[in-house]
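S.K.: Data: run03.cif, mmCIF, C-alpha atoms.
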```cif
data_final
loop_
_atom_site.group_PDB
_atom_site.id
_atom_site.type_symbol
_atom_site.label_atom_id
_atom_site.label_comp_id
_atom_site.auth_asym_id
_atom_site.auth_seq_id
_atom_site.Cartn_x
_atom_site.Cartn_y
_atom_site.Cartn_z
ATOM 1 C CA MET A 284 14.014 -31.154 -250.259
ATOM 2 C CA ASN A 285 13.725 -28.125 -252.465
ATOM 3 C CA ARG A 286 16.071 -25.580 -250.940
ATOM 4 C CA SER A 287 14.268 -22.684 -252.664
ATOM 5 C CA THR A 288 11.085 -23.382 -250.691
ATOM 6 C CA PRO A 289 11.298 -22.154 -247.055
ATOM 7 C CA PRO A 290 9.864 -24.540 -244.443
ATOM 8 C CA THR A 291 6.639 -23.378 -242.876
ATOM 9 C CA ALA A 292 6.753 -25.693 -239.901
ATOM 10 C CA ARG A 293 9.219 -27.815 -238.005
ATOM 11 C CA ALA A 294 8.607 -30.704 -235.692
ATOM 12 C CA ASP A 295 9.929 -30.236 -232.194
ATOM 13 C CA ALA A 296 11.268 -32.976 -229.919
ATOM 14 C CA ALA A 297 7.778 -33.911 -228.695
ATOM 15 C CA GLY A 298 6.412 -34.084 -232.168
ATOM 16 C CA THR A 299 4.430 -30.873 -231.943
ATOM 17 C CA THR A 300 4.430 -28.369 -234.692
ATOM 18 C CA ALA A 301 5.257 -24.682 -234.167
ATOM 19 C CA MET A 302 4.086 -22.358 -236.882
ATOM 20 C CA SER A 303 6.275 -19.360 -237.708
ATOM 21 C CA VAL A 304 4.754 -15.990 -236.678
ATOM 22 C CA PRO A 305 4.603 -13.520 -239.550
ATOM 23 C CA ARG A 306 6.015 -10.063 -238.900
ATOM 24 C CA LEU A 307 4.328 -6.851 -239.931
ATOM 25 C CA PRO A 308 6.153 -4.792 -242.492
ATOM 26 C CA VAL A 309 8.052 -1.838 -241.085
ATOM 27 C CA SER A 310 5.769 0.676 -242.802
ATOM 28 C CA ARG A 311 2.624 -0.891 -241.318
ATOM 29 C CA ALA A 312 4.142 -1.027 -237.842
ATOM 30 C CA ARG A 313 5.146 2.618 -238.113
ATOM 31 C CA ALA A 314 1.647 3.592 -239.271
ATOM 32 C CA LEU A 315 0.104 1.699 -236.352
ATOM 33 C CA GLN A 316 2.438 3.473 -233.926
ATOM 34 C CA VAL A 317 1.552 6.886 -235.350
ATOM 35 C CA SER A 318 -2.175 6.095 -235.147
ATOM 36 C CA LEU A 319 -1.895 5.050 -231.499
ATOM 37 C CA GLY A 320 0.041 8.238 -230.764
ATOM 38 C CA LYS A 321 -2.623 10.412 -232.391
ATOM 39 C CA ILE A 322 -5.396 8.641 -230.499
ATOM 40 C CA THR A 323 -3.557 9.050 -227.188
ATOM 41 C CA TYR A 324 -2.902 12.738 -227.886
ATOM 42 C CA THR A 325 -6.535 13.410 -228.840
ATOM 43 C CA VAL A 326 -7.883 11.650 -225.755
ATOM 44 C CA SER A 327 -5.457 13.561 -223.511
ATOM 45 C CA VAL A 328 -6.470 16.923 -224.999
ATOM 46 C CA VAL A 329 -10.184 16.129 -224.670
ATOM 47 C CA LEU A 330 -9.767 15.071 -221.027
ATOM 48 C CA ALA A 331 -7.766 18.219 -220.285
ATOM 49 C CA PHE A 332 -10.474 20.443 -221.799
ATOM 50 C CA VAL A 333 -13.181 18.591 -219.880
ATOM 51 C CA PHE A 334 -11.217 19.052 -216.648
ATOM 52 C CA LEU A 335 -10.735 22.778 -217.291
ATOM 53 C CA LEU A 336 -14.239 23.561 -218.545
ATOM 54 C CA SER A 337 -16.270 21.410 -216.162
ATOM 55 C CA PRO A 338 -16.373 24.095 -213.382
ATOM 56 C CA LEU A 339 -17.634 26.698 -215.863
ATOM 57 C CA ILE A 340 -20.233 24.293 -217.211
ATOM 58 C CA LEU A 341 -21.428 23.510 -213.686
ATOM 59 C CA ILE A 342 -21.723 27.231 -212.837
ATOM 60 C CA VAL A 343 -23.770 27.919 -215.962
ATOM 61 C CA TRP A 344 -25.968 24.898 -215.210
ATOM 62 C CA LEU A 345 -26.455 25.984 -211.585
ATOM 63 C CA SER A 346 -27.525 29.484 -212.653
ATOM 64 C CA PHE A 347 -30.655 28.016 -214.278
ATOM 65 C CA PHE A 348 -31.847 26.069 -211.221
ATOM 66 C CA ALA A 349 -35.318 27.188 -210.153
ATOM 67 C CA GLY A 350 -34.998 26.235 -206.485
ATOM 68 C CA GLN A 351 -33.403 28.523 -203.926
ATOM 69 C CA ILE A 352 -31.413 25.644 -202.468
ATOM 70 C CA PRO A 353 -29.384 23.911 -205.181
ATOM 71 C CA ALA A 354 -30.209 20.230 -205.529
ATOM 72 C CA VAL A 355 -29.108 17.743 -208.150
ATOM 73 C CA PRO A 356 -31.054 16.946 -210.227
ATOM 74 C CA PRO A 357 -33.028 20.234 -210.114
ATOM 75 C CA ALA A 358 -36.801 20.147 -209.885
ATOM 76 C CA SER A 359 -37.123 22.699 -212.692
ATOM 77 C CA TYR A 360 -35.218 25.396 -214.541
ATOM 78 C CA SER A 361 -35.645 29.171 -214.621
ATOM 79 C CA ILE A 362 -33.846 32.381 -215.644
ATOM 80 C CA ALA A 363 -35.327 34.347 -212.741
ATOM 81 C CA TRP A 364 -32.058 34.292 -210.794
ATOM 82 C CA TYR A 365 -30.421 36.505 -213.388
ATOM 83 C CA GLY A 366 -32.976 39.179 -212.594
ATOM 84 C CA GLU A 367 -32.412 38.657 -208.862
ATOM 85 C CA ALA A 368 -28.663 39.025 -209.331
ATOM 86 C CA LEU A 369 -29.095 42.319 -211.194
ATOM 87 C CA LYS A 370 -31.459 43.584 -208.478
ATOM 88 C CA ASN A 371 -28.936 42.850 -205.732
ATOM 89 C CA VAL A 372 -27.380 46.182 -204.719
ATOM 90 C CA GLN A 373 -24.247 44.442 -203.464
ATOM 91 C CA PHE A 374 -23.629 42.867 -206.855
ATOM 92 C CA THR A 375 -24.489 45.921 -208.954
ATOM 93 C CA SER A 376 -22.406 48.227 -206.768
ATOM 94 C CA GLY A 377 -19.455 45.856 -206.963
ATOM 95 C CA LEU A 378 -19.893 45.560 -210.728
ATOM 96 C CA TRP A 379 -19.877 49.331 -211.152
ATOM 97 C CA THR A 380 -16.789 49.717 -208.933
ATOM 98 C CA SER A 381 -14.948 46.984 -210.842
ATOM 99 C CA LEU A 382 -15.790 48.621 -214.165
ATOM 100 C CA LYS A 383 -14.728 52.065 -212.967
ATOM 101 C CA VAL A 384 -11.422 50.938 -211.470
ATOM 102 C CA ALA A 385 -10.602 48.703 -214.446
ATOM 103 C CA LEU A 386 -11.251 51.489 -216.965
ATOM 104 C CA LEU A 387 -9.142 54.059 -215.090
ATOM 105 C CA ALA A 388 -6.333 51.582 -214.421
ATOM 106 C CA THR A 389 -6.304 50.488 -218.072
ATOM 107 C CA GLY A 390 -6.114 54.097 -219.275
ATOM 108 C CA MET A 391 -3.230 54.953 -216.966
ATOM 109 C CA GLY A 392 -1.473 51.697 -217.786
ATOM 110 C CA LEU A 393 -1.615 52.515 -221.500
ATOM 111 C CA LEU A 394 -0.262 56.020 -220.900
ATOM 112 C CA VAL A 395 2.789 54.477 -219.242
ATOM 113 C CA SER A 396 3.164 51.416 -221.459
ATOM 114 C CA ILE A 397 2.944 52.961 -224.940
ATOM 115 C CA PRO A 398 5.975 55.293 -224.629
ATOM 116 C CA ALA A 399 7.826 52.679 -222.590
ATOM 117 C CA ALA A 400 7.240 50.021 -225.253
ATOM 118 C CA VAL A 401 8.431 52.338 -228.046
ATOM 119 C CA ALA A 402 11.560 53.315 -226.121
ATOM 120 C CA LEU A 403 12.362 49.734 -225.116
ATOM 121 C CA SER A 404 11.818 48.339 -228.616
ATOM 122 C CA LYS A 405 14.143 50.926 -230.168
ATOM 123 C CA ARG A 406 16.727 50.607 -227.364
ATOM 124 C CA ILE A 407 16.565 54.360 -226.725
ATOM 125 C CA LEU A 408 17.019 54.040 -222.969
ATOM 126 C CA PRO A 409 20.149 52.643 -221.324
ATOM 127 C CA PHE A 410 19.722 49.354 -219.455
ATOM 128 C CA SER A 411 16.621 48.611 -221.530
ATOM 129 C CA GLU A 412 16.565 44.941 -220.563
ATOM 130 C CA ALA A 413 16.747 45.738 -216.836
ATOM 131 C CA ILE A 414 13.953 48.326 -217.164
ATOM 132 C CA LEU A 415 11.786 45.828 -219.030
ATOM 133 C CA GLN A 416 12.273 43.188 -216.345
ATOM 134 C CA PHE A 417 11.425 45.739 -213.657
ATOM 135 C CA LEU A 418 8.198 46.770 -215.376
ATOM 136 C CA MET A 419 7.252 43.122 -215.916
ATOM 137 C CA SER A 420 7.978 42.106 -212.312
ATOM 138 C CA PRO A 421 4.371 42.455 -211.030
ATOM 139 C CA MET A 422 3.494 39.439 -213.187
ATOM 140 C CA VAL A 423 5.804 37.112 -211.236
ATOM 141 C CA VAL A 424 4.882 38.354 -207.757
ATOM 142 C CA PRO A 425 1.863 36.602 -206.155
ATOM 143 C CA GLY A 426 -1.186 38.838 -205.862
ATOM 144 C CA ILE A 427 -1.403 38.485 -202.075
ATOM 145 C CA VAL A 428 2.252 39.456 -201.648
ATOM 146 C CA LEU A 429 1.829 42.395 -204.014
ATOM 147 C CA GLY A 430 -1.304 43.579 -202.214
ATOM 148 C CA ALA A 431 0.286 43.320 -198.765
ATOM 149 C CA GLY A 432 3.391 45.158 -199.961
ATOM 150 C CA LEU A 433 1.336 47.959 -201.495
ATOM 151 C CA TYR A 434 -0.756 48.260 -198.342
ATOM 152 C CA VAL A 435 2.319 48.656 -196.125
ATOM 153 C CA THR A 436 3.890 51.087 -198.615
ATOM 154 C CA MET A 437 0.782 53.254 -198.698
ATOM 155 C CA ILE A 438 0.708 53.375 -194.904
ATOM 156 C CA LEU A 439 4.312 54.575 -194.810
ATOM 157 C CA VAL A 440 3.685 57.155 -197.558
ATOM 158 C CA GLU A 441 0.580 58.392 -195.754
ATOM 159 C CA ILE A 442 2.538 58.806 -192.516
ATOM 160 C CA LYS A 443 5.256 60.821 -194.291
ATOM 161 C CA THR A 444 3.078 62.940 -196.586
ATOM 162 C CA ASP A 445 -0.443 62.875 -195.059
ATOM 163 C CA LEU A 446 -1.823 61.774 -198.424
ATOM 164 C CA PRO A 447 -5.013 59.694 -197.924
ATOM 165 C CA LEU A 448 -3.969 56.633 -199.891
ATOM 166 C CA VAL A 449 -4.966 53.768 -197.599
ATOM 167 C CA GLY A 450 -8.577 52.756 -198.162
ATOM 168 C CA SER A 451 -9.100 55.301 -200.956
ATOM 169 C CA PRO A 452 -10.366 54.616 -204.473
ATOM 170 C CA TRP A 453 -7.249 56.254 -205.918
ATOM 171 C CA GLY A 454 -5.000 53.983 -203.894
ATOM 172 C CA MET A 455 -6.789 50.916 -205.202
ATOM 173 C CA MET A 456 -6.657 52.241 -208.749
ATOM 174 C CA LEU A 457 -2.900 52.891 -208.525
ATOM 175 C CA GLY A 458 -2.470 49.328 -207.334
ATOM 176 C CA HIS A 459 -4.397 48.069 -210.355
ATOM 177 C CA VAL A 460 -2.155 50.131 -212.638
ATOM 178 C CA LEU A 461 0.707 47.879 -211.561
ATOM 179 C CA LEU A 462 -1.324 44.935 -212.852
ATOM 180 C CA THR A 463 -2.099 46.512 -216.218
ATOM 181 C CA ILE A 464 1.396 47.757 -217.117
ATOM 182 C CA PRO A 465 3.023 44.308 -217.615
ATOM 183 C CA TRP A 466 0.191 43.026 -219.813
ATOM 184 C CA CYS A 467 0.125 46.241 -221.847
ATOM 185 C CA LEU A 468 3.869 45.983 -222.396
ATOM 186 C CA ARG A 469 3.718 42.349 -223.504
ATOM 187 C CA LEU A 470 0.958 42.938 -226.027
ATOM 188 C CA ILE A 471 2.335 46.204 -227.403
ATOM 189 C CA LEU A 472 5.869 44.829 -227.693
ATOM 190 C CA ALA A 473 4.493 41.756 -229.471
ATOM 191 C CA ASN A 474 2.717 44.048 -231.934
ATOM 192 C CA ILE A 475 5.755 46.296 -232.441
ATOM 193 C CA GLY A 476 7.694 43.214 -233.480
ATOM 194 C CA LEU A 477 5.235 42.788 -236.372
ATOM 195 C CA VAL A 478 5.669 46.364 -237.628
ATOM 196 C CA ASP A 479 7.678 46.597 -240.843
ATOM 197 C CA LYS A 480 10.778 48.640 -240.057
ATOM 198 C CA ALA A 481 11.224 49.481 -243.725
ATOM 199 C CA VAL A 482 8.170 51.760 -243.585
ATOM 200 C CA GLU A 483 9.679 53.837 -240.781
ATOM 201 C CA GLU A 484 13.079 53.924 -242.478
ATOM 202 C CA SER A 485 11.491 55.076 -245.729
ATOM 203 C CA ALA A 486 9.735 57.947 -243.965
ATOM 204 C CA ILE A 487 12.966 59.027 -242.276
ATOM 205 C CA SER A 488 14.857 58.850 -245.570
ATOM 206 C CA LEU A 489 12.222 61.133 -247.128
ATOM 207 C CA GLY A 490 12.840 63.779 -244.481
ATOM 208 C CA ALA A 491 10.225 63.027 -241.819
ATOM 209 C CA ARG A 492 11.206 63.878 -238.268
ATOM 210 C CA PRO A 493 11.287 61.111 -235.634
ATOM 211 C CA LEU A 494 8.251 62.530 -233.826
ATOM 212 C CA THR A 495 6.298 62.685 -237.088
ATOM 213 C CA VAL A 496 7.229 59.085 -237.867
ATOM 214 C CA LEU A 497 6.084 58.052 -234.405
ATOM 215 C CA ILE A 498 2.713 59.810 -234.609
ATOM 216 C CA LYS A 499 1.791 59.194 -238.243
ATOM 217 C CA ILE A 500 3.369 55.798 -238.929
ATOM 218 C CA THR A 501 4.434 53.859 -235.832
ATOM 219 C CA LEU A 502 1.385 54.480 -233.643
ATOM 220 C CA PRO A 503 -1.172 53.704 -236.390
ATOM 221 C CA LEU A 504 0.663 50.455 -237.137
ATOM 222 C CA MET A 505 0.677 49.703 -233.393
ATOM 223 C CA TRP A 506 -3.040 50.400 -233.049
ATOM 224 C CA PRO A 507 -4.213 46.742 -233.033
ATOM 225 C CA GLY A 508 -1.743 45.970 -230.253
ATOM 226 C CA ILE A 509 -2.809 49.014 -228.265
ATOM 227 C CA VAL A 510 -6.485 48.053 -228.466
ATOM 228 C CA ALA A 511 -5.672 44.462 -227.533
ATOM 229 C CA ALA A 512 -3.521 45.643 -224.616
ATOM 230 C CA GLY A 513 -6.334 47.839 -223.328
ATOM 231 C CA LEU A 514 -8.930 45.087 -223.530
ATOM 232 C CA PHE A 515 -6.739 42.425 -221.971
ATOM 233 C CA SER A 516 -5.588 44.752 -219.174
ATOM 234 C CA PHE A 517 -9.202 45.607 -218.471
ATOM 235 C CA VAL A 518 -10.000 41.914 -218.080
ATOM 236 C CA VAL A 519 -7.059 41.386 -215.699
ATOM 237 C CA SER A 520 -8.025 44.365 -213.531
ATOM 238 C CA PHE A 521 -11.745 43.593 -213.603
ATOM 239 C CA GLY A 522 -11.309 40.067 -212.249
ATOM 240 C CA ASN A 523 -8.588 40.737 -209.694
ATOM 241 C CA LEU A 524 -9.340 39.574 -206.142
ATOM 242 C CA GLU A 525 -6.138 38.950 -204.176
ATOM 243 C CA MET A 526 -4.599 42.418 -204.354
ATOM 244 C CA THR A 527 -7.933 44.232 -204.175
ATOM 245 C CA LEU A 528 -8.687 42.669 -200.776
ATOM 246 C CA PHE A 529 -5.863 44.774 -199.278
ATOM 247 C CA LEU A 530 -6.657 48.023 -201.109
ATOM 248 C CA VAL A 531 -10.455 48.270 -201.209
ATOM 249 C CA ALA A 532 -11.973 51.257 -199.405
ATOM 250 C CA PRO A 533 -14.259 50.768 -196.365
ATOM 251 C CA GLY A 534 -17.877 50.415 -197.447
ATOM 252 C CA GLU A 535 -16.815 49.867 -201.067
ATOM 253 C CA THR A 536 -16.429 46.547 -202.828
ATOM 254 C CA THR A 537 -15.656 45.098 -206.224
ATOM 255 C CA LEU A 538 -17.611 42.335 -207.906
ATOM 256 C CA PRO A 539 -15.243 39.448 -206.980
ATOM 257 C CA ILE A 540 -15.222 40.579 -203.344
ATOM 258 C CA ALA A 541 -19.004 41.029 -203.366
ATOM 259 C CA ILE A 542 -19.416 37.427 -204.536
ATOM 260 C CA ILE A 543 -17.121 36.136 -201.779
ATOM 261 C CA GLN A 544 -18.963 38.149 -199.117
ATOM 262 C CA TYR A 545 -22.353 36.939 -200.360
ATOM 263 C CA LEU A 546 -21.246 33.315 -200.149
ATOM 264 C CA GLU A 547 -20.424 33.763 -196.464
ATOM 265 C CA TRP A 548 -24.125 34.006 -195.597
ATOM 266 C CA ARG A 549 -26.149 32.633 -198.502
ATOM 267 C CA LEU A 550 -25.866 30.086 -201.271
ATOM 268 C CA ASP A 551 -28.394 30.352 -204.060
ATOM 269 C CA PRO A 552 -28.269 30.370 -207.888
ATOM 270 C CA SER A 553 -28.036 34.186 -207.994
ATOM 271 C CA VAL A 554 -24.325 33.839 -207.215
ATOM 272 C CA ALA A 555 -23.954 31.537 -210.197
ATOM 273 C CA ALA A 556 -25.962 33.967 -212.346
ATOM 274 C CA ILE A 557 -23.748 36.974 -211.551
ATOM 275 C CA SER A 558 -20.695 34.747 -212.060
ATOM 276 C CA VAL A 559 -21.945 33.819 -215.513
ATOM 277 C CA ILE A 560 -22.365 37.522 -216.322
ATOM 278 C CA GLN A 561 -18.781 38.137 -215.187
ATOM 279 C CA ILE A 562 -17.548 35.183 -217.268
ATOM 280 C CA LEU A 563 -19.343 36.540 -220.337
ATOM 281 C CA LEU A 564 -17.756 39.982 -219.885
ATOM 282 C CA VAL A 565 -14.281 38.517 -219.496
ATOM 283 C CA THR A 566 -14.712 36.081 -222.392
ATOM 284 C CA SER A 567 -15.986 38.848 -224.655
ATOM 285 C CA GLY A 568 -12.928 40.953 -223.836
ATOM 286 C CA LEU A 569 -10.575 38.074 -224.600
ATOM 287 C CA LEU A 570 -12.311 37.235 -227.885
ATOM 288 C CA ILE A 571 -12.203 40.855 -229.000
ATOM 289 C CA THR A 572 -8.536 41.017 -227.989
ATOM 290 C CA ASP A 573 -7.739 37.938 -230.046
ATOM 291 C CA ARG A 574 -9.256 39.600 -233.105
ATOM 292 C CA PHE A 575 -6.597 42.330 -232.940
ATOM 293 C CA ILE A 576 -3.595 40.231 -231.927
ATOM 294 C CA PRO A 577 -3.465 36.466 -231.259
ATOM 295 C CA ILE A 578 -3.317 35.723 -227.540
ATOM 296 C CA THR A 579 -0.736 33.027 -228.243
ATOM 297 C CA LYS A 580 1.789 35.746 -229.100
ATOM 298 C CA VAL A 581 1.586 37.067 -225.541
ATOM 299 C CA PHE A 582 2.917 33.906 -223.889
#
```
Before anything else, please render the file you have as structure tokens.
M.R.:
Amino acid sequence: MNRSTPPTARADAAGTTAMSVPRLPVSRARALQVSLGKITYTVSVVLAFVFLLSPLILIVWLSFFAGQIPAVPPASYSIAWYGEALKNVQFTSGLWTSLKVALLATGMGLLVSIPAAVALSKRILPFSEAILQFLMSPMVVPGIVLGAGLYVTMILVEIKTDLPLVGSPWGMMLGHVLLTIPWCLRLILANIGLVDKAVEESAISLGARPLTVLIKITLPLMWPGIVAAGLFSFVVSFGNLEMTLFLVAPGETTLPIAIIQYLEWRLDPSVAAISVIQILLVTSGLLITDRFIPITKVF
């Protein structure tokens, strides 16, 4: 037998022949493994997006049902429920209250967050890390717990000072300020980290005072972060439900609360229509925010 020629088959004890199984090269096996991994990853991401977006898609679909009682499949489609939603005084009043509170809370949150972010980034204040964690703490406290705590605190303050905080618009707005401050700080601090320190140092070396550097150099360079912080804080305040339930004034309601109250007695596509309007407002705010500073830098 020629020893240079490898055998391709061998007879076993029963006389059967077992062919040798060829093995894939290492490079081909590795490529196949990578391809299977990419396919698995893509399928997982698609399923995750479908799971997350399916409720929004269903709400948008429901808002175009023509019938007053939702039924699948719908008999026909219509945009009339959008007009009905905008004619509903409960919805429009809640929308106006949500806009008013969110705008005031965002403004006050920026007034607190801008100087705080500058001081914390430059380590001007002692115990800067502890102060930052304290200002960020409303983000880690559940909304219901935060609302209940604020409600009890306002009752105690009202008993001591006779200030009408409980059930007042100002009390609710001050509660929303606590929601806006952490998000303003995160976005502004993320933007300050992108500011070139050499520009500030050059201005100081040329004789500019610290206040002049802050007003004419630092704040203009921080402007995208400030705008993004305002827009994102507005979105957070506008859509808040848990804390607002404890702080809303009697006879006054916000849009999320108005939707919940409407669902207690009726269920028609007008609820879906006003929800779509709310989703469009929130999505527009987030998209505009992302144009100034990527949302991924916040988390």
S.K.: Taking (-13.5, 46.5, -218.3) in the file's own coordinates, collect the residues within 12 Å, counting only C-alpha atoms, and hand them back as an NGL selection string.
M.R.: :A and (378-390 or 463 or 512-523 or 538 or 561 or 563-569)
S.K.: Would you give me, as a Markdown table, each residue of stretch 324-430 of chain A having an atom within 12 Å of an atom of stretch 475-484 of chain A, along with its shortest atom pair and that distance in Å to one decimal, using only C-alpha atoms and sorting by chain and residue number?
M.R.:
```
| residue | atom | partner | partner_atom | distance |
| --- | --- | --- | --- | --- |
| A:Ile397 | CA | A:Ile475 | CA | 10.4 |
| A:Pro398 | CA | A:Ile475 | CA | 11.9 |
| A:Ala399 | CA | A:Ile475 | CA | 11.9 |
| A:Ala400 | CA | A:Ile475 | CA | 8.2 |
| A:Val401 | CA | A:Ile475 | CA | 7.9 |
| A:Ala402 | CA | A:Ile475 | CA | 11.1 |
| A:Leu403 | CA | A:Ile475 | CA | 10.4 |
| A:Ser404 | CA | A:Ile475 | CA | 7.5 |
| A:Lys405 | CA | A:Ile475 | CA | 9.8 |
```
S.K.: Using all atoms listed in the file, determine which residues lie at most 10 Å from A:Met437, disregarding the query and same-chain residues fewer than 2 positions distant; provide the list as a ChimeraX atom specification.
M.R.: /A:431-435,439-443,446-450,454,530
S.K.: Written as a count of residues only, which residues does the PyMOL selection byres ((chain A and resi 536) around 9) give for the file shown?
M.R.: 18
S.K.: Between atom CA of A:Gln416 and atom CA of A:Leu462, what is the distance, to one decimal in Å?
M.R.: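 A separation of 14.1 Å between them.
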S.K.: For the atom pair atom CA of A:Arg549 and atom CA of A:Leu336, what is the interatomic distance in Å to one decimal place?
M.R.: 25.0 Å
S.K.: By how many Å are atom CA of A:Ala555 and atom CA of A:Pro353 apart?
M.R.: 10.6 Å
S.K.: Considering all atoms listed in the file, can you say which of A:Ala511, A:Ile500, A:Ile560, A:Leu550 comes closest to A:Gly350?
M.R.: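 Among A:Ala511, A:Ile500, A:Ile560, A:Leu550, it is A:Leu550 that comes nearest to A:Gly350.
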S.K.: Just the residues within 9 Å of A:Leu339, please, counting all atoms listed in the file, with nothing from its chain fewer than 5 positions along; format it as JSON, numbers by chain.
M.R.: {"A": [344, 559, 562]}
S.K.: Taking every listed atom of stretch 546-555 of chain A and adding 3 Å to each side, what centre and edge lengths in Å (one decimal) does the axis-aligned box have, as JSON?
M.R.:
```
{"center_x": -24.4, "center_y": 32.1, "center_z": -202.9, "size_x": 14.0, "size_y": 10.1, "size_z": 20.6}
```
S.K.: Could you check which of A:Met526, A:Leu570, A:Ile498, A:Ala358 is closest to A:Gly458, using only C-alpha atoms?
M.R.: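 Among the listed residues, the smallest separation from A:Gly458 belongs to A:Met526.
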S.K.: Which is closer to A:Val343 than all the others in A:Phe417, A:Thr572, A:Pro552, A:Phe529, using all atoms listed in the file?
M.R.: A:Pro552
